[in-house]
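**Student:** I have a structure here, written as structure tokens, and I will follow up with some questions on it.
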Amino acid sequence: AARELQSQGHGSLVVLSSVSGERARRTDFIYGSSKAALDTFTQGLGDALHGTGVHVMAVRPGFVRSAATAGRPVPPFSSTPEEVATAVELGLRRRSETVWVPGRLRLVAAVLRHLPRTLYRRLPL
């Protein structure tokens, strides 16, 4: 897809990642580490395509309330598919490189990312 967009000289590639890619939780470290790898790939692809007219954007939602997650406990900072779609649309218009849904998750993730490992391990995540 990136090659096709590059050959036409314009377009956007939206990659749906997760806030979990910022720092893997011990209870779901396989998911978090795969999202971290996806984020790194997305950033590298965006850097490689910089200046070609192709825009690459990573979307990092938290928990999304949907039919697929029905019945599961709803954590703080959750969103709906419609809220994610609205954030993607706004991010595309702004040509953002990263979009957090909801936006305040950026701050939460930054705090968690910088916690010392000994403290992070004690959190009920």
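A note on labels: chains of the structure tokens are A, B, ... as shown, every chain counts residues from 1, and ligands are counted from 1 in their shown order.
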Taking the DSSP assignment computed from this structure's backbone, write out as a VMD selection string all residues of chain A that belong to strand (DSSP E or B).

**Tutor:** chain A and resid 11 to 16 54 to 61 64 79 98 to 101

**Student:** Would you output that residue set with N, CA and C atoms, as a short mmCIF file (atom, residue, chain, number, x, y, z; two decimals), in the first residue's frame?

**Tutor:**
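The resulting file, part.cif, is reproduced below:
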```
data_model
loop_
_atom_site.label_atom_id
_atom_site.label_comp_id
_atom_site.auth_asym_id
_atom_site.auth_seq_id
_atom_site.Cartn_x
_atom_site.Cartn_y
_atom_site.Cartn_z
N GLY A 11 -1.41 10.65 -0.50
CA GLY A 11 -2.28 9.70 0.18
C GLY A 11 -1.89 9.55 1.64
N SER A 12 -2.72 8.84 2.38
CA SER A 12 -2.49 8.62 3.80
C SER A 12 -2.63 7.15 4.13
N LEU A 13 -1.81 6.71 5.04
CA LEU A 13 -1.86 5.35 5.54
C LEU A 13 -2.12 5.44 7.05
N VAL A 14 -3.24 4.88 7.49
CA VAL A 14 -3.62 4.92 8.90
C VAL A 14 -3.36 3.54 9.49
N VAL A 15 -2.57 3.50 10.56
CA VAL A 15 -2.23 2.25 11.22
C VAL A 15 -2.88 2.25 12.60
N LEU A 16 -3.75 1.28 12.86
CA LEU A 16 -4.43 1.18 14.15
C LEU A 16 -3.57 0.38 15.11
N VAL A 54 3.29 11.22 0.97
CA VAL A 54 2.51 10.20 1.67
C VAL A 54 2.57 10.48 3.17
N HIS A 55 1.41 10.44 3.78
CA HIS A 55 1.26 10.71 5.21
C HIS A 55 0.99 9.39 5.92
N VAL A 56 1.75 9.10 6.98
CA VAL A 56 1.56 7.89 7.78
C VAL A 56 1.16 8.31 9.19
N MET A 57 0.07 7.73 9.69
CA MET A 57 -0.45 8.12 11.00
C MET A 57 -0.74 6.88 11.84
N ALA A 58 -0.22 6.87 13.06
CA ALA A 58 -0.52 5.81 14.02
C ALA A 58 -1.66 6.27 14.92
N VAL A 59 -2.61 5.39 15.15
CA VAL A 59 -3.74 5.68 16.03
C VAL A 59 -3.61 4.78 17.25
N ARG A 60 -3.59 5.40 18.43
CA ARG A 60 -3.40 4.66 19.67
C ARG A 60 -4.62 4.81 20.57
N PRO A 61 -5.64 4.02 20.34
CA PRO A 61 -6.79 4.07 21.24
C PRO A 61 -6.54 3.24 22.49
N VAL A 64 -11.77 0.13 23.65
CA VAL A 64 -12.88 0.58 22.80
C VAL A 64 -14.11 -0.26 23.13
N SER A 79 -13.37 4.44 25.02
CA SER A 79 -14.01 5.21 23.96
C SER A 79 -14.91 4.31 23.14
N THR A 98 0.67 10.89 15.16
CA THR A 98 0.13 10.00 16.18
C THR A 98 -1.15 10.60 16.73
N VAL A 99 -2.16 9.77 16.90
CA VAL A 99 -3.44 10.19 17.45
C VAL A 99 -3.75 9.29 18.64
N TRP A 100 -4.05 9.90 19.77
CA TRP A 100 -4.44 9.18 20.98
C TRP A 100 -5.94 9.32 21.15
N VAL A 101 -6.60 8.21 21.51
CA VAL A 101 -8.05 8.25 21.69
C VAL A 101 -8.39 7.58 23.02
#
```

**Student:** Pick out the residues sitting within 10 Å of segment 25-32 of chain A, and hand them over as an MDAnalysis selection string; count only C-alpha atoms, and ignore anything fewer than 4 positions along from it in its own chain.

**Tutor:** chainID A and resid 17:21 36:38 120:121 123:125

**Student:** Write out as a PDB file with N, CA, C and O atoms, in the first residue's frame the set of residues from segment 8-57 of chain A that DSSP, computed on the backbone, places in alpha helix (DSSP H).

**Tutor:**
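Below you can see result-v6.pdb, which holds the result:
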```
ATOM      1  N   GLN A   8       1.894   7.230  -6.572  1.00  0.00           N
ATOM      2  CA  GLN A   8       0.930   8.254  -6.998  1.00  0.00           C
ATOM      3  C   GLN A   8       1.271   9.624  -6.421  1.00  0.00           C
ATOM      4  O   GLN A   8       0.712  10.624  -6.841  1.00  0.00           O
ATOM      5  N   PHE A  29       1.484  -8.956  28.058  1.00  0.00           N
ATOM      6  CA  PHE A  29       2.718  -8.441  27.466  1.00  0.00           C
ATOM      7  C   PHE A  29       2.901  -8.850  26.006  1.00  0.00           C
ATOM      8  O   PHE A  29       3.574  -8.147  25.257  1.00  0.00           O
ATOM      9  N   ILE A  30       2.303  -9.933  25.578  1.00  0.00           N
ATOM     10  CA  ILE A  30       2.433 -10.335  24.173  1.00  0.00           C
ATOM     11  C   ILE A  30       1.700  -9.331  23.286  1.00  0.00           C
ATOM     12  O   ILE A  30       2.235  -8.876  22.273  1.00  0.00           O
ATOM     13  N   TYR A  31       0.479  -8.961  23.660  1.00  0.00           N
ATOM     14  CA  TYR A  31      -0.276  -7.955  22.914  1.00  0.00           C
ATOM     15  C   TYR A  31       0.476  -6.626  22.905  1.00  0.00           C
ATOM     16  O   TYR A  31       0.677  -6.006  21.864  1.00  0.00           O
ATOM     17  N   GLY A  32       0.927  -6.172  24.083  1.00  0.00           N
ATOM     18  CA  GLY A  32       1.624  -4.892  24.189  1.00  0.00           C
ATOM     19  C   GLY A  32       2.912  -4.864  23.385  1.00  0.00           C
ATOM     20  O   GLY A  32       3.221  -3.871  22.716  1.00  0.00           O
ATOM     21  N   SER A  33       3.661  -5.946  23.424  1.00  0.00           N
ATOM     22  CA  SER A  33       4.925  -5.965  22.681  1.00  0.00           C
ATOM     23  C   SER A  33       4.687  -6.010  21.174  1.00  0.00           C
ATOM     24  O   SER A  33       5.438  -5.405  20.406  1.00  0.00           O
ATOM     25  N   SER A  34       3.617  -6.671  20.741  1.00  0.00           N
ATOM     26  CA  SER A  34       3.328  -6.672  19.300  1.00  0.00           C
ATOM     27  C   SER A  34       2.894  -5.280  18.835  1.00  0.00           C
ATOM     28  O   SER A  34       3.245  -4.847  17.737  1.00  0.00           O
ATOM     29  N   LYS A  35       2.154  -4.556  19.687  1.00  0.00           N
ATOM     30  CA  LYS A  35       1.760  -3.190  19.343  1.00  0.00           C
ATOM     31  C   LYS A  35       2.966  -2.249  19.369  1.00  0.00           C
ATOM     32  O   LYS A  35       3.054  -1.327  18.560  1.00  0.00           O
ATOM     33  N   ALA A  36       3.911  -2.485  20.272  1.00  0.00           N
ATOM     34  CA  ALA A  36       5.136  -1.682  20.294  1.00  0.00           C
ATOM     35  C   ALA A  36       5.922  -1.882  18.998  1.00  0.00           C
ATOM     36  O   ALA A  36       6.447  -0.922  18.424  1.00  0.00           O
ATOM     37  N   ALA A  37       5.987  -3.113  18.527  1.00  0.00           N
ATOM     38  CA  ALA A  37       6.673  -3.389  17.262  1.00  0.00           C
ATOM     39  C   ALA A  37       5.950  -2.713  16.097  1.00  0.00           C
ATOM     40  O   ALA A  37       6.589  -2.135  15.209  1.00  0.00           O
ATOM     41  N   LEU A  38       4.617  -2.775  16.113  1.00  0.00           N
ATOM     42  CA  LEU A  38       3.836  -2.114  15.065  1.00  0.00           C
ATOM     43  C   LEU A  38       4.077  -0.612  15.077  1.00  0.00           C
ATOM     44  O   LEU A  38       4.231   0.014  14.024  1.00  0.00           O
ATOM     45  N   ASP A  39       4.127  -0.011  16.267  1.00  0.00           N
ATOM     46  CA  ASP A  39       4.395   1.427  16.379  1.00  0.00           C
ATOM     47  C   ASP A  39       5.768   1.784  15.811  1.00  0.00           C
ATOM     48  O   ASP A  39       5.918   2.773  15.099  1.00  0.00           O
ATOM     49  N   THR A  40       6.772   0.985  16.143  1.00  0.00           N
ATOM     50  CA  THR A  40       8.127   1.246  15.647  1.00  0.00           C
ATOM     51  C   THR A  40       8.166   1.121  14.131  1.00  0.00           C
ATOM     52  O   THR A  40       8.777   1.946  13.441  1.00  0.00           O
ATOM     53  N   PHE A  41       7.496   0.108  13.593  1.00  0.00           N
ATOM     54  CA  PHE A  41       7.420  -0.046  12.135  1.00  0.00           C
ATOM     55  C   PHE A  41       6.734   1.168  11.504  1.00  0.00           C
ATOM     56  O   PHE A  41       7.209   1.714  10.500  1.00  0.00           O
ATOM     57  N   THR A  42       5.638   1.612  12.113  1.00  0.00           N
ATOM     58  CA  THR A  42       4.886   2.757  11.584  1.00  0.00           C
ATOM     59  C   THR A  42       5.728   4.019  11.580  1.00  0.00           C
ATOM     60  O   THR A  42       5.729   4.780  10.609  1.00  0.00           O
ATOM     61  N   GLN A  43       6.455   4.248  12.662  1.00  0.00           N
ATOM     62  CA  GLN A  43       7.323   5.425  12.722  1.00  0.00           C
ATOM     63  C   GLN A  43       8.408   5.350  11.655  1.00  0.00           C
ATOM     64  O   GLN A  43       8.695   6.346  10.979  1.00  0.00           O
ATOM     65  N   GLY A  44       9.010   4.192  11.496  1.00  0.00           N
ATOM     66  CA  GLY A  44      10.045   4.024  10.474  1.00  0.00           C
ATOM     67  C   GLY A  44       9.496   4.225   9.076  1.00  0.00           C
ATOM     68  O   GLY A  44      10.129   4.870   8.229  1.00  0.00           O
ATOM     69  N   LEU A  45       8.313   3.689   8.819  1.00  0.00           N
ATOM     70  CA  LEU A  45       7.686   3.862   7.508  1.00  0.00           C
ATOM     71  C   LEU A  45       7.378   5.331   7.256  1.00  0.00           C
ATOM     72  O   LEU A  45       7.630   5.850   6.159  1.00  0.00           O
ATOM     73  N   GLY A  46       6.861   6.009   8.281  1.00  0.00           N
ATOM     74  CA  GLY A  46       6.583   7.441   8.142  1.00  0.00           C
ATOM     75  C   GLY A  46       7.842   8.235   7.846  1.00  0.00           C
ATOM     76  O   GLY A  46       7.841   9.145   7.009  1.00  0.00           O
ATOM     77  N   ASP A  47       8.933   7.879   8.517  1.00  0.00           N
ATOM     78  CA  ASP A  47      10.211   8.554   8.256  1.00  0.00           C
ATOM     79  C   ASP A  47      10.707   8.265   6.842  1.00  0.00           C
ATOM     80  O   ASP A  47      11.194   9.153   6.146  1.00  0.00           O
ATOM     81  N   ALA A  48      10.566   7.017   6.414  1.00  0.00           N
ATOM     82  CA  ALA A  48      11.027   6.638   5.074  1.00  0.00           C
ATOM     83  C   ALA A  48      10.220   7.346   3.987  1.00  0.00           C
ATOM     84  O   ALA A  48      10.755   7.656   2.918  1.00  0.00           O
ATOM     85  N   LEU A  49       8.941   7.612   4.261  1.00  0.00           N
ATOM     86  CA  LEU A  49       8.074   8.243   3.258  1.00  0.00           C
ATOM     87  C   LEU A  49       7.994   9.760   3.397  1.00  0.00           C
ATOM     88  O   LEU A  49       7.336  10.419   2.584  1.00  0.00           O
TER      89      LEU A  49
END
```

**Student:** Given the choices A:Leu5, A:Ala109, A:Val88, A:Leu119, which gets closest to Ala24 of chain A if the distance is worked out from only C-alpha atoms?

**Tutor:** A:Ala109

**Student:** State, in Å with one decimal place, the distance from atom CA of Glu22 of chain A to atom CA of Ser78 of chain A.

**Tutor:** 16.5 Å

**Student:** State, in Å with one decimal place, the distance from atom CA of Phe77 of chain A to atom CA of Arg23 of chain A.

**Tutor:**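 Taking atom CA of Phe77 of chain A and atom CA of Arg23 of chain A, their separation equals 16.5 Å.
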
**Student:** Within 6 Å of Gly53 of chain A, counting only C-alpha atoms, which residues show up once you throw out same-chain ones fewer than 2 positions away? Write them as a JSON list (two decimals) with N, CA and C atoms, in the first residue's frame, please.

**Tutor:**
```json
[["chain", "number", "residue", "atom", "x", "y", "z"],
["A", 9, "GLY", "N", 2.18, 9.66, -5.43],
["A", 9, "GLY", "CA", 2.67, 10.94, -4.91],
["A", 9, "GLY", "C", 1.83, 11.59, -3.84],
["A", 10, "HIS", "N", 0.81, 10.89, -3.35],
["A", 10, "HIS", "CA", -0.03, 11.44, -2.27],
["A", 10, "HIS", "C", -0.85, 10.33, -1.65],
["A", 51, "GLY", "N", 8.41, 13.46, 2.90],
["A", 51, "GLY", "CA", 8.80, 14.23, 1.72],
["A", 51, "GLY", "C", 8.30, 13.65, 0.41]]
```

**Student:** Of the residues A:Ala2, A:Pro81, A:Pro116, A:Val111, which is the one nearest to His50 of chain A, using only C-alpha atoms?

**Tutor:** A:Ala2
